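As provided, work34.cif (mmCIF, C-alpha atoms and all ligand atoms) reads as follows.
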data_query
loop_
_atom_site.label_atom_id
_atom_site.label_comp_id
_atom_site.auth_asym_id
_atom_site.auth_seq_id
_atom_site.Cartn_x
_atom_site.Cartn_y
_atom_site.Cartn_z
CA MET A 1110 -39.28 21.23 15.65
CA ALA A 1111 -40.38 22.63 12.36
CA TYR A 1112 -37.93 22.38 9.52
CA ARG A 1113 -38.21 24.82 6.65
CA TRP A 1114 -37.56 22.99 3.39
CA PRO A 1115 -36.24 25.11 0.54
CA ALA A 1116 -38.78 25.65 -2.23
CA GLY A 1117 -38.42 23.11 -5.02
CA THR A 1118 -36.96 20.33 -2.84
CA THR A 1119 -37.64 16.98 -4.44
CA PHE A 1120 -38.49 14.20 -2.03
CA LYS A 1121 -38.09 10.49 -2.26
CA ARG A 1122 -41.56 9.14 -1.45
CA ILE A 1123 -42.23 6.20 0.86
CA ASP A 1124 -45.81 4.94 1.22
CA LEU A 1125 -46.74 3.11 4.39
CA ASP A 1126 -49.85 1.06 5.12
CA VAL A 1127 -51.32 -0.56 8.21
CA GLN A 1128 -50.36 -4.24 7.96
CA ASP A 1129 -53.57 -5.78 9.23
CA ARG A 1130 -56.54 -3.92 7.82
CA SER A 1131 -59.19 -5.81 9.82
CA CYS A 1132 -60.72 -3.90 12.73
CA PRO A 1133 -59.35 -5.15 16.08
CA ALA A 1134 -62.86 -4.79 17.60
CA CYS A 1135 -65.27 -6.18 14.98
CA GLY A 1136 -63.00 -7.58 12.31
CA ARG A 1137 -64.38 -5.47 9.45
CA ASP A 1138 -62.11 -4.20 6.71
CA MET A 1139 -60.94 -0.73 7.76
CA HIS A 1140 -60.93 2.17 5.28
CA VAL A 1141 -58.27 4.77 4.61
CA CYS A 1142 -59.60 7.92 6.25
CA ASP A 1143 -56.63 10.26 6.13
CA HIS A 1144 -52.97 10.71 5.18
CA ARG A 1145 -50.17 11.91 7.40
CA TYR A 1146 -47.17 13.40 5.59
CA HIS A 1147 -43.79 13.41 7.26
CA HIS A 1148 -40.85 15.14 5.61
CA LEU A 1149 -37.42 14.27 6.88
CA TRP A 1150 -33.76 13.83 6.08
CA THR A 1151 -32.43 10.35 5.62
CA LEU A 1152 -28.98 9.44 4.32
CA GLN A 1153 -30.77 8.93 0.96
CA GLY A 1154 -31.72 12.60 0.89
CA PRO A 1155 -35.01 14.47 1.44
CA THR A 1156 -37.70 11.91 2.10
CA GLN A 1157 -41.49 12.14 2.22
CA VAL A 1158 -43.20 9.42 4.23
CA VAL A 1159 -46.89 9.08 3.41
CA ASN A 1160 -48.75 7.27 6.17
CA ARG A 1161 -52.17 5.98 5.16
CA LEU A 1162 -54.35 6.09 8.28
CA VAL A 1163 -57.34 3.78 8.61
CA ARG A 1164 -60.46 3.45 10.75
CA CYS A 1165 -63.43 1.13 11.06
CA PRO A 1166 -66.28 2.07 8.69
CA ASP A 1167 -68.93 0.90 11.18
CA ALA A 1168 -70.15 3.94 13.11
CA SER A 1169 -71.52 1.70 15.86
CA CYS A 1170 -68.24 -0.24 16.34
CA GLU A 1171 -66.46 -0.13 19.67
CA SER A 1172 -63.33 1.19 17.97
CA ARG A 1173 -65.26 4.25 16.80
CA GLY A 1174 -63.12 7.38 16.82
CA CYS A 1175 -59.86 5.38 16.74
CA THR A 1176 -57.46 5.97 13.88
CA PHE A 1177 -54.76 3.40 13.18
CA SER A 1178 -51.26 4.33 11.86
CA PRO A 1179 -48.86 2.15 9.89
CA GLU A 1180 -46.58 0.19 12.25
CA ALA A 1181 -43.54 0.84 10.08
CA GLU A 1182 -43.73 4.58 10.67
CA LEU A 1183 -41.60 4.46 13.81
CA SER A 1184 -38.95 2.32 12.14
CA ILE A 1185 -38.07 5.29 9.93
CA SER A 1186 -38.19 8.11 12.42
CA MET A 1187 -39.93 9.45 15.50
CA PRO A 1188 -43.03 11.65 15.00
CA ARG A 1189 -42.21 15.24 14.05
CA TRP A 1190 -38.46 14.64 13.82
CA CYS A 1191 -36.75 16.06 10.77
CA LEU A 1192 -34.21 13.22 10.78
CA GLY A 1193 -34.51 9.54 10.11
CA TRP A 1194 -32.96 7.04 12.52
CA ASP A 1195 -30.04 6.59 10.15
CA VAL A 1196 -29.00 10.25 10.34
CA PHE A 1197 -29.71 10.29 14.07
CA CYS A 1198 -27.38 7.33 14.69
CA TRP A 1199 -24.79 8.78 12.34
CA LEU A 1200 -24.76 11.96 14.47
CA GLY A 1201 -24.65 10.20 17.83
CA HIS A 1202 -21.91 7.80 16.81
CA ARG A 1203 -19.66 10.48 15.41
CA ARG A 1204 -20.25 12.77 18.34
CA PHE A 1205 -19.61 10.27 21.12
CA ALA A 1206 -17.43 7.55 19.61
CA ARG A 1207 -15.39 9.85 17.37
CA HIS A 1208 -15.68 13.03 19.45
CA TRP A 1209 -16.54 15.26 16.51
CA SER A 1210 -17.58 18.81 17.31
CA VAL A 1211 -20.98 20.16 16.32
CA SER A 1212 -19.55 22.36 13.58
CA GLN A 1213 -17.59 19.39 12.22
CA LEU A 1214 -20.78 17.34 12.15
CA ARG A 1215 -22.66 20.11 10.39
CA ALA A 1216 -19.98 20.51 7.72
CA GLU A 1217 -19.67 16.79 7.09
CA LEU A 1218 -23.46 16.33 6.85
CA GLN A 1219 -23.55 19.07 4.28
CA ASP A 1220 -20.48 18.03 2.28
CA THR A 1221 -21.02 14.29 2.14
CA HIS A 1222 -24.76 13.90 2.45
CA GLN A 1223 -26.03 17.32 1.31
CA ILE A 1224 -28.04 17.50 4.54
CA ARG A 1225 -28.41 21.04 5.81
CA LEU A 1226 -28.92 21.35 9.56
CA SER A 1227 -28.24 24.23 11.95
CA ASP A 1228 -25.93 23.87 14.95
CA ASP A 1229 -28.99 24.22 17.18
CA ALA A 1230 -30.77 21.36 15.48
CA ILE A 1231 -27.70 19.14 15.73
CA THR A 1232 -27.26 19.99 19.42
CA HIS A 1233 -30.93 19.24 20.02
CA TYR A 1234 -30.76 15.80 18.40
CA ILE A 1235 -27.52 14.96 20.16
CA GLY A 1236 -29.31 15.70 23.43
CA ARG A 1237 -32.02 13.23 22.49
CA TYR A 1238 -29.42 10.66 21.52
CA GLN A 1239 -27.82 11.02 24.95
CA THR A 1240 -31.16 10.59 26.67
CA MET A 1241 -31.88 7.41 24.76
CA LEU A 1242 -28.40 6.08 25.36
CA ALA A 1243 -28.63 6.75 29.10
CA ALA A 1244 -32.01 5.02 29.25
CA ARG A 1245 -30.60 2.00 27.45
CA GLN A 1246 -27.45 1.86 29.59
CA GLN A 1247 -29.55 1.85 32.77
CA ASP A 1248 -32.11 -0.63 31.54
CA PRO A 1249 -32.26 -3.23 34.35
CA GLU A 1250 -32.71 -6.16 31.98
CA ARG A 1251 -29.69 -5.24 29.90
CA LEU A 1252 -27.65 -4.71 33.03
CA ALA A 1253 -28.64 -8.10 34.42
CA GLU A 1254 -27.65 -9.65 31.10
CA ALA A 1255 -24.25 -7.93 31.13
CA TYR A 1256 -23.57 -9.14 34.68
CA ARG A 1257 -24.85 -12.67 34.36
CA ASP A 1258 -21.40 -14.27 34.47
CA ILE A 1259 -19.86 -11.88 36.97
CA ALA A 1260 -19.39 -13.27 40.49
CA SER A 1261 -18.86 -10.02 42.38
CA LEU A 1262 -18.68 -6.28 41.84
CA VAL A 1263 -15.98 -3.65 42.29
CA LEU A 1264 -17.46 -0.18 42.55
CA THR A 1265 -15.83 3.23 42.23
CA ILE A 1266 -17.03 6.76 42.67
CA ASP A 1267 -15.48 10.04 41.71
CA GLY A 1268 -16.61 13.60 41.15
CA LEU A 1269 -15.89 15.44 37.92
CA GLN A 1270 -16.25 19.17 37.68
CA PRO A 1271 -16.40 20.22 34.04
CA GLU A 1272 -15.96 23.89 34.93
CA LYS A 1273 -15.11 25.74 38.10
CA GLY A 1274 -18.22 26.80 39.99
CA HIS A 1275 -20.46 24.37 38.13
CA GLU A 1276 -22.12 21.44 39.77
CA THR A 1277 -20.01 18.34 40.13
CA LEU A 1278 -20.97 15.18 38.32
CA TYR A 1279 -20.61 12.14 40.58
CA VAL A 1280 -20.01 9.06 38.54
CA VAL A 1281 -20.40 5.51 39.83
CA ARG A 1282 -18.58 2.91 37.77
CA GLU A 1283 -18.27 -0.81 38.07
CA LEU A 1284 -14.80 -2.10 37.25
CA THR A 1285 -15.18 -5.77 36.37
CA ARG A 1286 -17.43 -4.81 33.43
CA LYS A 1287 -15.85 -1.34 33.06
CA ARG A 1288 -19.30 0.17 32.95
CA VAL A 1289 -20.59 3.54 34.03
CA TRP A 1290 -23.62 2.72 36.13
CA PHE A 1291 -24.98 6.19 36.63
CA ALA A 1292 -23.99 9.79 37.18
CA GLU A 1293 -25.62 12.35 39.44
CA PRO A 1294 -24.95 16.07 39.29
CA LEU A 1295 -24.60 17.43 42.82
CA LEU A 1296 -24.29 21.08 43.73
CA SER A 1297 -22.40 20.34 46.91
CA SER A 1298 -20.18 17.52 48.08
CA ALA A 1299 -22.00 17.56 51.42
CA GLU A 1300 -22.11 14.22 53.15
CA GLN A 1301 -25.83 13.65 52.83
CA GLU A 1302 -25.81 14.43 49.11
CA VAL A 1303 -23.00 11.99 48.47
CA HIS A 1304 -24.63 9.49 50.79
CA ARG A 1305 -27.69 9.45 48.56
CA VAL A 1306 -25.52 8.45 45.60
CA ILE A 1307 -23.90 5.64 47.57
CA VAL A 1308 -27.34 4.38 48.60
CA LEU A 1309 -28.32 4.37 44.95
CA ALA A 1310 -25.25 2.27 44.16
CA ARG A 1311 -26.24 -0.19 46.88
CA GLN A 1312 -29.72 -0.47 45.40
CA TRP A 1313 -28.26 -1.20 41.97
CA ALA A 1314 -26.04 -3.92 43.40
CA GLU A 1315 -28.97 -5.42 45.29
CA ARG A 1316 -31.11 -5.43 42.18
CA LEU A 1317 -28.39 -7.33 40.35
CA GLY A 1318 -28.16 -9.74 43.29
CA LYS A 1319 -24.35 -9.67 43.24
CA PRO A 1320 -22.05 -9.10 46.22
CA VAL A 1321 -19.77 -6.06 46.24
CA ARG A 1322 -16.18 -7.21 46.62
CA ALA A 1323 -14.57 -3.78 47.02
CA TRP A 1324 -14.95 -0.03 46.65
CA MET A 1325 -12.42 2.35 45.25
CA SER A 1326 -12.34 6.15 45.45
CA ASP A 1327 -10.24 9.04 46.59
CA LYS A 1328 -10.04 9.86 50.27
CA GLN A 1329 -12.85 12.42 50.27
CA ASP A 1330 -14.46 12.31 53.69
CA ALA A 1331 -18.01 12.01 52.39
CA PHE A 1332 -17.09 8.93 50.31
CA VAL A 1333 -15.27 7.24 53.17
CA LYS A 1334 -18.14 7.73 55.63
CA ALA A 1335 -21.02 6.91 53.31
CA ILE A 1336 -19.36 3.75 51.99
CA ALA A 1337 -18.52 2.59 55.51
CA THR A 1338 -22.19 3.08 56.48
CA GLU A 1339 -23.82 1.52 53.44
CA PHE A 1340 -21.29 -1.24 52.80
CA PRO A 1341 -20.07 -2.28 56.27
CA GLY A 1342 -17.09 -4.61 56.18
CA ILE A 1343 -16.46 -4.16 52.44
CA PRO A 1344 -12.84 -3.22 51.69
CA HIS A 1345 -12.44 0.37 50.53
CA ARG A 1346 -9.27 1.03 48.65
CA TYR A 1347 -7.96 4.46 47.80
CA CYS A 1348 -7.41 5.23 44.17
CA GLN A 1349 -3.87 4.66 42.90
CA ASN A 1350 -4.18 7.46 40.43
CA HIS A 1351 -4.98 10.01 43.11
CA PHE A 1352 -2.16 8.66 45.24
CA VAL A 1353 0.38 9.01 42.43
CA ARG A 1354 -0.93 12.47 41.62
CA ASP A 1355 -0.49 13.60 45.22
CA LEU A 1356 2.97 12.10 45.29
CA ALA A 1357 3.88 13.86 42.06
CA LYS A 1358 3.40 17.31 43.58
CA PRO A 1359 6.48 17.37 45.87
CA VAL A 1360 8.48 15.47 43.27
CA LEU A 1361 7.75 18.09 40.62
CA ASP A 1362 8.56 20.88 43.09
CA MET A 1363 11.98 19.36 43.72
CA ASP A 1364 12.45 18.81 40.02
CA SER A 1365 11.75 22.42 39.26
CA GLN A 1366 14.33 23.47 41.90
CA ALA A 1367 16.89 21.25 40.19
CA LYS A 1368 16.10 22.90 36.87
CA VAL A 1369 16.79 26.34 38.32
CA THR A 1370 20.15 25.14 39.62
CA MET A 1371 21.12 23.63 36.28
CA ARG A 1372 20.13 26.74 34.39
CA SER A 1373 22.24 28.89 36.69
CA LYS A 1374 25.28 26.73 35.95
CA VAL A 1375 24.92 26.56 32.21
CA ARG A 1376 25.40 30.16 31.13
CA GLY A 1377 27.18 32.27 28.56
CA LEU A 1378 25.74 30.73 25.40
CA ARG A 1379 25.21 34.13 23.86
CA ALA A 1380 28.82 35.21 24.52
CA ILE A 1381 30.12 32.10 22.79
CA GLU A 1382 27.89 32.63 19.79
CA ARG A 1383 28.86 36.31 19.54
CA ARG A 1384 32.51 35.35 19.56
CA VAL A 1385 32.09 32.79 16.78
CA LEU A 1386 30.22 35.27 14.64
CA GLU A 1387 32.75 38.01 15.35
CA GLU A 1388 35.66 35.78 14.37
CA ARG A 1389 33.87 34.76 11.25
CA ARG A 1390 33.39 38.39 10.30
CA GLN A 1391 37.06 39.14 10.81
CA ALA A 1392 38.14 36.14 8.73
CA MET A 1393 35.90 37.33 5.95
CA ALA A 1394 37.57 40.72 5.94
CA PRO A 1395 40.41 40.64 3.36
CA LYS A 1396 43.67 40.08 5.25
CA SER A 1397 43.04 42.38 8.09
CA PRO A 1398 45.60 42.27 10.89
CA PRO A 1399 45.64 38.82 12.57
CA PRO A 1400 42.56 38.27 14.72
CA LEU A 1401 42.82 38.81 18.42
CA ALA A 1402 43.20 35.20 19.29
CA PRO A 1403 43.80 34.62 22.98
CA PRO A 1404 47.41 33.54 23.41
CA LYS A 1405 46.52 30.23 25.03
CA SER A 1406 44.94 28.93 21.84
CA VAL A 1407 47.77 29.64 19.41
CA ALA A 1408 49.46 26.39 20.39
CA THR A 1409 49.13 24.68 17.03
CA PRO A 1410 48.32 25.87 13.56
CA THR A 1411 46.09 22.85 12.90
CA THR A 1412 42.47 22.51 13.80
CA THR A 1413 43.32 20.39 16.81
CA ALA A 1414 41.81 21.80 19.95
CA PRO A 1415 44.59 23.24 22.05
CA ALA A 1416 45.44 21.08 25.02
CA SER A 1417 45.64 24.13 27.19
CA ALA A 1418 41.99 24.92 26.65
CA THR A 1419 40.57 21.85 28.21
CA PRO A 1420 42.19 21.80 31.63
CA GLU A 1421 41.13 25.37 32.23
CA PRO A 1422 37.47 24.64 33.01
CA CYS A 1423 38.51 22.20 35.70
CA THR A 1424 39.55 25.13 37.80
CA SER A 1425 36.08 26.58 37.58
CA SER A 1426 34.21 26.34 40.84
CA ALA A 1427 30.86 25.83 39.13
CA GLY A 1428 32.17 22.59 37.60
CA GLY A 1429 29.87 20.50 35.46
CA LEU A 1430 28.74 22.21 32.38
CA VAL A 1431 30.75 25.37 32.59
CA GLN A 1432 33.31 23.16 30.99
CA THR A 1433 31.00 23.00 28.01
CA ASP A 1434 31.21 26.72 27.51
CA SER A 1435 34.97 26.85 27.72
CA ALA A 1436 35.47 23.85 25.53
CA LEU A 1437 33.19 25.36 22.93
CA GLU A 1438 35.04 28.62 23.08
CA ALA A 1439 38.35 26.84 22.72
CA THR A 1440 37.19 24.94 19.67
CA GLY A 1441 35.89 28.06 18.03
CA VAL A 1442 39.01 30.04 18.74
CA ALA A 1443 41.43 27.37 17.64
CA THR A 1444 39.83 26.96 14.27
CA ALA A 1445 39.73 30.67 13.59
CA GLU A 1446 43.35 30.29 12.51
CA GLU A 1447 42.41 28.13 9.56
CA PRO A 1448 40.09 29.81 7.09
CA ALA A 1449 39.48 26.54 5.20
CA VAL A 1450 37.60 24.84 8.03
CA GLU A 1451 36.72 27.91 10.04
CA ASP A 1452 33.13 28.01 8.88
CA GLU A 1453 32.58 24.33 9.53
CA ALA A 1454 33.93 24.51 13.08
CA GLY A 1455 31.92 27.64 13.78
CA GLU A 1456 28.84 25.80 12.62
CA VAL A 1457 29.56 23.01 15.07
CA VAL A 1458 29.88 25.49 17.93
CA LEU A 1459 26.69 27.27 16.96
CA GLY A 1460 24.98 23.91 16.63
CA TYR A 1461 25.99 22.94 20.15
CA CYS A 1462 24.80 26.31 21.44
CA ALA A 1463 21.41 25.86 19.76
CA ALA A 1464 21.08 22.36 21.18
CA VAL A 1465 21.91 23.51 24.70
CA ARG A 1466 19.51 26.43 24.44
CA GLY A 1467 16.78 24.05 23.33
CA ILE A 1468 17.48 21.80 26.29
CA LEU A 1469 17.34 24.72 28.75
CA ASN A 1470 14.03 25.92 27.38
CA ASP A 1471 12.39 22.51 27.24
CA SER A 1472 9.67 22.12 29.86
CA GLN A 1473 8.05 18.92 28.58
CA GLY A 1474 7.59 15.85 30.71
CA GLY A 1475 5.22 14.69 33.42
CA PRO A 1476 5.63 13.21 36.88
CA LEU A 1477 7.00 9.96 35.51
CA HIS A 1478 9.76 11.68 33.54
CA PRO A 1479 10.02 15.18 34.98
CA PRO A 1480 11.44 18.08 32.96
CA GLY A 1481 14.47 18.48 35.24
CA VAL A 1482 15.46 14.86 34.84
CA ARG A 1483 15.07 15.18 31.09
CA MET A 1484 17.22 18.31 31.15
CA SER A 1485 19.94 16.67 33.17
CA GLU A 1486 20.00 13.66 30.84
CA ALA A 1487 20.15 15.83 27.74
CA LEU A 1488 22.93 18.04 29.13
CA GLN A 1489 24.91 14.94 30.03
CA GLU A 1490 24.57 13.77 26.44
CA VAL A 1491 25.93 17.08 25.18
CA ARG A 1492 28.80 16.83 27.59
CA ASP A 1493 29.60 13.26 26.54
CA SER A 1494 29.49 14.32 22.93
CA LEU A 1495 31.88 17.22 23.54
CA GLU A 1496 34.31 15.07 25.46
CA HIS A 1497 34.15 12.41 22.81
CA ASN A 1498 35.01 14.95 20.10
CA LEU A 1499 37.77 16.58 22.08
CA GLY A 1500 39.23 13.19 22.99
CA ALA A 1501 39.21 12.11 19.36
CA LYS A 1502 41.12 15.23 18.28
CA LYS A 1503 43.71 14.88 20.99
CA GLY A 1504 44.44 11.32 20.00
CA GLY A 1505 42.37 9.66 22.66
CA LEU A 1506 43.70 11.35 25.79
CA PRO A 1507 41.48 10.60 28.76
CA SER A 1508 39.31 13.47 29.85
CA PRO A 1509 41.18 15.55 32.37
CA CYS A 1510 38.04 15.93 34.50
ZN ZN B 1601 -64.91 -2.18 13.89
#
As structure tokens, the full file:
Amino acid sequence: MAYRWPAGTTFKRIDLDVQDRSCPACGRDMHVCDHRYHHLWTLQGPTQVVNRLVRCPDASCESRGCTFSPEAELSISMPRWCLGWDVFCWLGHRRFARHWSVSQLRAELQDTHQIRLSDDAITHYIGRYQTMLAARQQDPERLAEAYRDIASLVLTIDGLQPEKGHETLYVVRELTRKRVWFAEPLLSSAEQEVHRVIVLARQWAERLGKPVRAWMSDKQDAFVKAIATEFPGIPHRYCQNHFVRDLAKPVLDMDSQAKVTMRSKVRGLRAIERRVLEERRQAMAPKSPPPLAPPKSVATPTTTAPASATPEPCTSSAGGLVQTDSALEATGVATAEEPAVEDEAGEVVLGYCAAVRGILNDSQGGPLHPPGVRMSEALQEVRDSLEHNLGAKKGGLPSPC
């Protein structure tokens, strides 16, 4: 791909020569016949590599017509690339080990190394990096080396679909070395397609000369049949992850039911808050007629929560957290009598209301700690806290509920 260098770019020049200048055919000293200029980006900046090409001066020599290039040329870059290996590796490493996006790579190349590349160019080189990496990963010699000390193999297969409607990538991994062996994109999960992939896995195992101890996959029919055919007698275990995921579905359904029930019981937050704010407004008004405090809460002039307020919720049929509402109301009402602490108590009530609202709206949590269980735990904590506070004010009376 041609790279257009801005006018006036200054290049760092590297001259390369053929190491052995004697002709491989007749042994004569070869002459420089041409120069090949290669302009590219390295981490040192714009670089010009000047390759001095040589050929045998003897027109009758067997090597006639052959031009020889400096061996070191390929250690800097590949022909016609606009990047040196150093930039190429920098890109590949950051893309695949650090998961940087293309635009992030482009910005960082420009900011830190003053290397200007388009998104297209970066994408193109990342594609080449992947190709090289895949070739290296699948190199039989390297694989044999990696598996030299392994007695037996555990193979897995699964299909990944990056986007709905796209082809599915079937990945075969080996678990003792935690290595992806290969991946095949298949348009359908038809048995014969999948079978081909399993056959490929068998060929890999045979080439390594290692026995397969077990297979692992989900329960997809095509996997089960193809593995049974190609690996007769080898244990095939179903994937724990898939099992747990399937199990999670009914659990989460039940959990969400429980959430609905809890939400229906814990109601009236807004009414409590309105009441606190209303009472606060009235207290602020200069000596207006005494606030309309419900008679049950006038028991004491202190800030102590009236004893009459707490038993009341016990009569409620909804039970559980309805008590929270009533207790909060009672606290708010009782303190309205005392302007000095009124604000503070109101704050506490509003704080409880905000906490409970947060709990009711929280939908975090996965199958191992489902949202409903989290909600129930959190509401219980609020309830404990309320009872603790009420108990403390009443001089440690046991909770009537
Ligand atoms: Zn020669």
- Message: Please find the residues contacting ligand ZN 1601 (chain B) at a distance of at most 6 Å between atoms, with only C-alpha atoms and all ligand atoms counted, and report them as a list of chain:residue names.
- Response: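 I would give the residues around ligand ZN 1601 (chain B) as A:Cys1132, A:Ala1134, A:Cys1135, A:Gly1136, A:Arg1137, A:Cys1165, A:Asp1167, A:Cys1170, A:Ser1172.
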Shortest contact to Ala1310 (chain A), candidates A:Gln1153, A:Thr1265, A:Ser1210, A:Ser1494, atoms counted only C-alpha atoms, goes to A:Thr1265
Exercise for review: Excluding Arg1322 (chain A) and residues on its chain fewer than 6 positions from it, collect all residues at most 12 Å away from it, counting only C-alpha atoms, and give them as a ChimeraX atom specification.
Suggested key: /A:1259-1265,1283-1285,1314,1340-1346
Which residues come within 12 Å of Phe1205 (chain A), counting all atoms listed in the file, excluding same-chain residues fewer than 4 positions away, as a ChimeraX atom specification?
/A:1198-1201,1209-1211,1214,1235-1236,1238-1239,1242
List the neighbours of Val1163 (chain A) out to 8 Å using all atoms listed in the file; skip same-chain residues closer than 5 positions along the sequence, and give me the result as a list in words.
-> Val1127, Arg1130, Met1139, His1140, Val1141, Cys1142, Asp1143, Thr1176, Phe1177 and Ser1178 of chain A
Taking 2 positions as the minimum chain separation for residues in the same chain, which residues sit within 10 Å of region 1154-1161 of chain A when counting only C-alpha atoms? Answer as a JSON list (two decimals) with C-alpha atoms, in the frame of the given file.
[["chain", "number", "residue", "atom", "x", "y", "z"],
["A", 1114, "TRP", "CA", -37.56, 22.99, 3.39],
["A", 1118, "THR", "CA", -36.96, 20.33, -2.84],
["A", 1119, "THR", "CA", -37.64, 16.98, -4.44],
["A", 1120, "PHE", "CA", -38.49, 14.20, -2.03],
["A", 1121, "LYS", "CA", -38.09, 10.49, -2.26],
["A", 1122, "ARG", "CA", -41.56, 9.14, -1.45],
["A", 1123, "ILE", "CA", -42.23, 6.20, 0.86],
["A", 1124, "ASP", "CA", -45.81, 4.94, 1.22],
["A", 1125, "LEU", "CA", -46.74, 3.11, 4.39],
["A", 1126, "ASP", "CA", -49.85, 1.06, 5.12],
["A", 1127, "VAL", "CA", -51.32, -0.56, 8.21],
["A", 1140, "HIS", "CA", -60.93, 2.17, 5.28],
["A", 1141, "VAL", "CA", -58.27, 4.77, 4.61],
["A", 1142, "CYS", "CA", -59.60, 7.92, 6.25],
["A", 1143, "ASP", "CA", -56.63, 10.26, 6.13],
["A", 1144, "HIS", "CA", -52.97, 10.71, 5.18],
["A", 1145, "ARG", "CA", -50.17, 11.91, 7.40],
["A", 1146, "TYR", "CA", -47.17, 13.40, 5.59],
["A", 1147, "HIS", "CA", -43.79, 13.41, 7.26],
["A", 1148, "HIS", "CA", -40.85, 15.14, 5.61],
["A", 1149, "LEU", "CA", -37.42, 14.27, 6.88],
["A", 1150, "TRP", "CA", -33.76, 13.83, 6.08],
["A", 1151, "THR", "CA", -32.43, 10.35, 5.62],
["A", 1152, "LEU", "CA", -28.98, 9.44, 4.32],
["A", 1163, "VAL", "CA", -57.34, 3.78, 8.61],
["A", 1177, "PHE", "CA", -54.76, 3.40, 13.18],
["A", 1178, "SER", "CA", -51.26, 4.33, 11.86],
["A", 1179, "PRO", "CA", -48.86, 2.15, 9.89],
["A", 1180, "GLU", "CA", -46.58, 0.19, 12.25],
["A", 1181, "ALA", "CA", -43.54, 0.84, 10.08],
["A", 1182, "GLU", "CA", -43.73, 4.58, 10.67],
["A", 1185, "ILE", "CA", -38.07, 5.29, 9.93],
["A", 1186, "SER", "CA", -38.19, 8.11, 12.42],
["A", 1191, "CYS", "CA", -36.75, 16.06, 10.77],
["A", 1192, "LEU", "CA", -34.21, 13.22, 10.78],
["A", 1193, "GLY", "CA", -34.51, 9.54, 10.11],
["A", 1222, "HIS", "CA", -24.76, 13.90, 2.45],
["A", 1223, "GLN", "CA", -26.03, 17.32, 1.31],
["A", 1224, "ILE", "CA", -28.04, 17.50, 4.54]]
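Going from CA of Ser1365 (chain A) to CA of Ile1381 (chain A) covers 26.5 Å.
Coordinates place CA of Val1280 (chain A) at a distance of 27.7 Å from CA of Asp1229 (chain A).
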Shortest contact to Gln1270 (chain A), candidates A:Ala1116, A:Arg1164, A:Arg1282, A:Ser1298, atoms counted only C-alpha atoms, goes to A:Ser1298
As a check of understanding: the span from CA of Leu1162 (chain A) to CA of Asp1195 (chain A) is 24.4 Å
